[in-house]
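> Below you'll find start.cif; it's mmCIF, C-alpha atoms.
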```cif
data_target
#
loop_
_atom_site.label_atom_id
_atom_site.label_comp_id
_atom_site.auth_asym_id
_atom_site.auth_seq_id
_atom_site.Cartn_x
_atom_site.Cartn_y
_atom_site.Cartn_z
CA MET A 1 -11.18 -10.32 -1.58
CA GLY A 2 -8.88 -7.55 -0.42
CA TYR A 3 -5.16 -7.05 -0.81
CA LYS A 4 -2.31 -5.10 0.80
CA THR A 5 -0.12 -2.57 -0.93
CA VAL A 6 1.91 0.54 -0.11
CA ARG A 7 1.00 4.18 -0.50
CA GLY A 8 3.29 6.36 -2.58
CA GLU A 9 7.05 5.98 -2.08
CA SER A 10 9.31 5.27 0.87
CA GLU A 11 13.06 5.23 1.38
CA ALA A 12 15.45 3.95 4.03
CA SER A 13 19.20 3.26 4.08
CA PHE A 14 21.99 1.75 6.15
CA THR A 15 25.70 1.05 5.81
CA GLU A 16 27.24 -2.43 5.95
CA LYS A 17 31.05 -2.69 5.86
CA ARG A 18 31.31 0.69 4.17
CA SER A 19 28.78 -0.19 1.44
CA GLU A 20 25.70 2.01 1.51
CA PHE A 21 22.40 0.28 0.79
CA ILE A 22 19.40 2.44 -0.08
CA GLY A 23 16.01 0.74 -0.29
CA ARG A 24 13.11 2.41 -2.05
CA MET A 25 9.57 1.04 -2.14
CA CYS A 26 6.87 2.40 -4.45
CA HIS A 27 3.23 1.69 -5.30
CA VAL A 28 2.66 0.71 -8.93
CA THR A 29 -0.29 -0.75 -10.82
CA ASP A 30 1.35 -2.24 -13.93
CA GLU A 31 4.72 -3.19 -15.43
CA ASN A 32 5.13 0.12 -17.23
CA GLU A 33 4.96 1.96 -13.90
CA ALA A 34 7.32 -0.53 -12.25
CA VAL A 35 9.90 -0.25 -15.04
CA ALA A 36 9.61 3.54 -15.09
CA PHE A 37 10.35 3.68 -11.35
CA ILE A 38 13.33 1.32 -11.71
CA ASN A 39 14.73 3.39 -14.58
CA ARG A 40 14.26 6.60 -12.62
CA ILE A 41 16.20 5.24 -9.65
CA ARG A 42 18.94 4.00 -11.98
CA ALA A 43 19.19 7.41 -13.63
CA GLU A 44 19.39 9.13 -10.24
CA ASN A 45 22.11 6.72 -9.07
CA ARG A 46 24.32 6.25 -12.11
CA LYS A 47 27.46 6.03 -9.97
CA ALA A 48 26.07 3.22 -7.82
CA ALA A 49 27.56 -0.26 -8.18
CA HIS A 50 24.16 -1.93 -8.38
CA ASN A 51 20.45 -1.11 -8.58
CA CYS A 52 18.75 -4.41 -7.79
CA TYR A 53 14.98 -4.75 -7.75
CA ALA A 54 11.86 -6.84 -7.38
CA TYR A 55 8.23 -6.13 -8.07
CA ILE A 56 4.88 -7.85 -7.59
CA LEU A 57 1.74 -7.05 -9.55
CA ARG A 58 -1.76 -8.26 -8.72
CA ASP A 59 -2.87 -8.21 -12.36
CA ASN A 60 -1.83 -11.56 -13.92
CA ASN A 61 0.15 -12.43 -10.74
CA ILE A 62 3.39 -11.02 -12.16
CA THR A 63 6.66 -11.16 -10.20
CA ARG A 64 10.04 -10.00 -11.49
CA HIS A 65 13.45 -9.50 -9.90
CA SER A 66 17.02 -8.66 -10.90
CA ASP A 67 20.44 -9.01 -9.26
CA ASP A 68 21.86 -6.28 -11.54
CA GLY A 69 25.38 -7.73 -11.54
CA GLU A 70 25.48 -9.10 -8.01
CA PRO A 71 26.10 -12.87 -7.70
CA GLY A 72 23.02 -14.81 -8.78
CA GLY A 73 20.34 -15.14 -6.14
CA THR A 74 21.93 -12.73 -3.66
CA ALA A 75 19.90 -9.55 -4.33
CA GLY A 76 16.70 -9.65 -6.38
CA ALA A 77 15.37 -12.88 -4.89
CA PRO A 78 15.90 -11.78 -1.26
CA ILE A 79 14.15 -8.47 -2.01
CA LEU A 80 11.23 -10.34 -3.55
CA GLU A 81 11.05 -12.74 -0.60
CA VAL A 82 10.65 -9.85 1.85
CA MET A 83 7.77 -8.47 -0.20
CA LEU A 84 6.10 -11.87 -0.53
CA LYS A 85 6.34 -12.56 3.21
CA ALA A 86 4.78 -9.15 3.91
CA GLY A 87 1.89 -10.07 1.61
CA ILE A 88 2.03 -6.87 -0.41
CA THR A 89 1.32 -6.51 -4.11
CA ASP A 90 1.25 -3.72 -6.71
CA ALA A 91 4.63 -2.62 -5.39
CA VAL A 92 8.24 -2.36 -6.56
CA CYS A 93 11.39 -2.21 -4.45
CA VAL A 94 14.76 -1.02 -5.75
CA VAL A 95 17.88 -1.42 -3.60
CA THR A 96 20.82 0.75 -4.61
CA ARG A 97 24.29 -0.26 -3.44
CA TYR A 98 27.25 2.07 -3.34
CA PHE A 99 30.21 -0.29 -2.97
CA GLY A 100 32.51 0.50 -0.06
CA GLY A 101 35.47 -1.67 -1.05
CA ILE A 102 34.84 -4.63 1.25
CA LEU A 103 33.33 -7.82 -0.16
CA LEU A 104 30.38 -9.15 1.82
CA GLY A 105 30.21 -12.68 0.47
CA ALA A 106 27.05 -14.38 -0.75
CA GLY A 107 25.51 -14.73 2.70
CA GLY A 108 26.33 -11.15 3.58
CA LEU A 109 24.77 -9.89 0.38
CA VAL A 110 21.56 -11.86 0.96
CA ARG A 111 21.30 -10.43 4.48
CA ALA A 112 22.06 -6.88 3.31
CA TYR A 113 19.54 -6.89 0.46
CA SER A 114 16.90 -8.50 2.65
CA LYS A 115 17.49 -5.90 5.34
CA SER A 116 17.33 -3.07 2.82
CA ALA A 117 13.97 -4.25 1.49
CA SER A 118 12.73 -4.69 5.06
CA VAL A 119 13.68 -1.19 6.20
CA ALA A 120 12.15 0.31 3.05
CA LEU A 121 8.96 -1.60 3.78
CA ASP A 122 9.04 -0.52 7.43
CA ALA A 123 9.25 3.10 6.24
CA ALA A 124 6.28 2.63 3.90
CA GLU A 125 2.63 3.18 4.75
CA ILE A 126 0.89 -0.14 4.20
CA ILE A 127 -2.75 0.10 3.21
CA ARG A 128 -5.47 -2.42 2.50
CA MET A 129 -7.63 -2.27 -0.61
CA GLU A 130 -11.03 -3.92 -0.29
CA GLN A 131 -14.17 -4.30 -2.37
CA ALA A 132 -16.35 -1.47 -1.12
CA ASP A 133 -19.28 0.80 -1.82
CA SER A 134 -19.01 4.56 -1.87
CA ILE A 135 -22.19 5.71 -0.16
CA ARG A 136 -24.14 8.87 0.59
CA ALA A 137 -26.27 9.35 3.70
CA ALA A 138 -28.49 12.45 4.11
CA PHE A 139 -30.22 13.16 7.44
CA ALA A 140 -31.16 15.84 9.97
CA TYR A 141 -28.57 17.33 12.34
CA GLY A 142 -30.08 15.60 15.37
CA PHE A 143 -29.02 12.19 14.09
CA TYR A 144 -25.37 13.10 13.46
CA GLY A 145 -23.95 11.32 16.50
CA SER A 146 -25.92 8.13 15.89
CA VAL A 147 -25.01 8.04 12.21
CA THR A 148 -21.30 8.58 12.74
CA ALA A 149 -21.28 5.95 15.49
CA ALA A 150 -22.85 3.42 13.13
CA LEU A 151 -20.30 4.25 10.43
CA THR A 152 -17.42 3.93 12.88
CA ALA A 153 -18.72 0.58 14.13
CA VAL A 154 -18.29 -1.01 10.70
CA GLY A 155 -14.96 0.68 9.97
CA ALA A 156 -16.34 2.98 7.28
CA VAL A 157 -13.98 5.65 5.95
CA ILE A 158 -15.71 9.04 5.91
CA LYS A 159 -14.53 10.95 2.84
CA ASN A 160 -16.56 14.15 3.13
CA THR A 161 -19.28 15.77 5.24
CA GLU A 162 -21.50 18.58 3.95
CA TYR A 163 -23.70 20.80 6.12
CA ALA A 164 -26.71 22.68 4.74
CA ASP A 165 -30.38 22.23 5.65
CA GLY A 166 -29.28 18.84 6.92
CA VAL A 167 -26.13 16.74 6.91
CA GLU A 168 -24.77 14.67 4.04
CA ILE A 169 -21.99 12.18 4.70
CA TYR A 170 -20.02 10.49 1.95
CA ALA A 171 -18.14 7.37 3.00
CA ASP A 172 -16.55 4.15 1.79
CA VAL A 173 -17.98 0.96 3.31
CA ARG A 174 -16.87 -2.62 2.79
CA GLN A 175 -19.44 -4.28 0.55
CA LYS A 176 -20.10 -7.04 3.07
CA ASP A 177 -21.24 -4.37 5.55
CA THR A 178 -23.36 -2.13 3.30
CA ASP A 179 -26.75 -3.81 3.69
CA GLY A 180 -26.44 -4.12 7.46
CA LEU A 181 -25.25 -0.54 7.77
CA PHE A 182 -28.18 0.84 5.77
CA LYS A 183 -30.59 -1.08 7.99
CA LYS A 184 -28.85 0.24 11.12
CA LEU A 185 -28.96 3.81 9.83
CA THR A 186 -32.66 3.49 9.06
CA ASP A 187 -33.24 2.21 12.60
CA VAL A 188 -31.25 4.87 14.45
CA CYS A 189 -32.82 7.64 12.38
CA ALA A 190 -36.34 6.18 12.69
CA GLY A 191 -36.55 6.09 8.90
CA ASN A 192 -35.64 9.78 8.51
CA ILE A 193 -32.57 9.21 6.37
CA GLU A 194 -31.75 8.82 2.68
CA THR A 195 -29.02 6.34 1.76
CA ALA A 196 -27.58 5.45 -1.63
CA VAL A 197 -24.67 3.57 -3.15
CA LEU A 198 -22.92 5.94 -5.54
CA SER A 199 -20.25 3.61 -6.92
CA SER A 200 -18.44 0.37 -6.15
CA GLY A 201 -14.90 -0.98 -6.53
CA TYR A 202 -11.65 -1.33 -4.62
CA ARG A 203 -11.25 1.32 -1.95
CA GLU A 204 -8.50 2.10 0.54
CA PHE A 205 -8.83 1.13 4.20
CA PRO A 206 -6.29 1.26 7.03
CA ASN A 207 -4.20 -1.90 7.31
CA GLU A 208 -5.39 -3.85 10.34
CA SER A 209 -2.44 -6.20 10.70
#
```
Take the structure in this file and express it as structure tokens.

Amino acid sequence: MGYKTVRGESEASFTEKRSEFIGRMCHVTDENEAVAFINRIRAENRKAAHNCYAYILRDNNITRHSDDGEPGGTAGAPILEVMLKAGITDAVCVVTRYFGGILLGAGGLVRAYSKSASVALDAAEIIRMEQADSIRAAFAYGFYGSVTAALTAVGAVIKNTEYADGVEIYADVRQKDTDGLFKKLTDVCAGNIETAVLSSGYREFPNES
């Protein structure tokens, strides 16, 4: 079963009644990475009024959030809710607030922190990780078009192509498609192709939603 996450880091900001809200989203794989990112943002924004956060980890289904001094339930929980609704995991979001002198009230804070998490997520590149096989296909030049068409048809991600006496393509293919793809490749190349699964595990695919 696949899952959605974000690639790298993203950042987006806006101002609400003179308070600046800066949302930052980052891919992490465990709590140590999540805490390290939170601490880094705090260190970079020591003069900020608040550095509120939430994170979700696929391993052990961990979720954590913090209001960091804002009224209870007005910051960390709204950030977490945005992430949960988006269906992402292995990600942390930190929202930094530089107070502008005007109180927003509980409802205003919930809306501001939700918006900050949303714009940070909008700025992020969402990717899908799926159980896949990393494969190798070796064939003669004349079959290149047919082979690449078959790979494209199943949404394979071509990682590398090498040209020598023939062509070798290295690609990631969803495991549910591997057997059918190998059969198709054998057919379109009239048996003149070598295919192999090199390794298996979670691999990155473009997010389709």
> When you look at A:Tyr3 with a cut-off of 7 Å (counting only C-alpha atoms), what residues show up, excluding the ones that are within fewer than 5 positions of it in the same chain? I need them as a VMD selection string.
chain A and resid 128 to 130
> With the PyMOL selection byres ((chain A and resi 80-92) around 7) as the selection, what would be picked from this file? Answer as a list in words, please.
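Here the PyMOL selection byres ((chain A and resi 80-92) around 7) matches Lys4, Thr5, Val6, Met25, Cys26, His27, Val28, Thr29, Ala34, Ala54, Tyr55, Ile56, Leu57, Arg58, His65, Gly76, Ala77, Pro78, Ile79, Cys93, Val94, Ser114, Ala117 and Ser118 of chain A.
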> Can you spell out as a PyMOL selection string the set of residues that the PyMOL selection byres ((chain A and resi 101-109) around 7) selects in the structure I just provided?
chain A and resi 17+74-75+99-100+110-113
> Find the residue from A:Tyr170, A:Tyr98, A:Phe37, A:Tyr163 that sits nearest to A:Thr15; use only C-alpha atoms when measuring.
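Under the stated criterion, the closest residue is A:Tyr98.
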> When you count all atoms listed in the file, which of these residues is closest to A:Ala120: A:Val95, A:Arg203, A:Gly191, A:Ser146?
A:Val95
> Using the chain letters and numbers from this file, what does the PyMOL selection byres ((chain A and resi 174) around 8) select? Give the answer as JSON, numbers by chain.
{"A": [130, 131, 132, 133, 156, 172, 173, 175, 176, 177, 178]}
> One decimal, Å: what's the distance from atom CA of A:Met1 over to atom CA of A:Val154, could you say?
17.0 Å
> Do you know which residues are at most 8 Å from stretch 139-144 of chain A counting all atoms listed in the file, after dropping those on the same chain fewer than 5 positions away, and could you put them as number ranges by chain?
A: 165-168, 188-189, 192-194
> Check the smallest atom-to-atom distance from each of A:Ala49, A:Ile126, A:Ile169, A:Ile22 to A:Pro206 using all atoms listed in the file, then report the winner.
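The closest residue to A:Pro206 is A:Ile126.
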> Fewer than 4 positions away in the same chain doesn't count, so skip those; otherwise give me all residues within 8 Å of A:Leu198, counting only C-alpha atoms, as a list in words.
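The residues that qualify are Asp133, Ser134, Ile135 and Arg136 of chain A.
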> Just how far from atom CA of A:Ala12 is atom CA of A:Val119, in Å to one decimal?
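Spanning atom CA of A:Val119 to atom CA of A:Ala12 is a straight-line distance of 5.9 Å.
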> Taking all atoms listed in the file into account, name the residue in A:Arg40, A:Leu185, A:Asn207, A:Asp30 that is nearest to A:Arg7.
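Nearest candidate to A:Arg7 out of A:Arg40, A:Leu185, A:Asn207, A:Asp30: A:Asn207.
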> A:Ala124, A:Ser10, A:Glu20, A:Lys183: which is nearest A:Leu151, counting all atoms listed in the file?
A:Lys183
> What does the distance from atom CA of A:Leu181 to atom CA of A:Ala153 come to in Å, to one decimal?
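Interatomic distance here is 9.2 Å.
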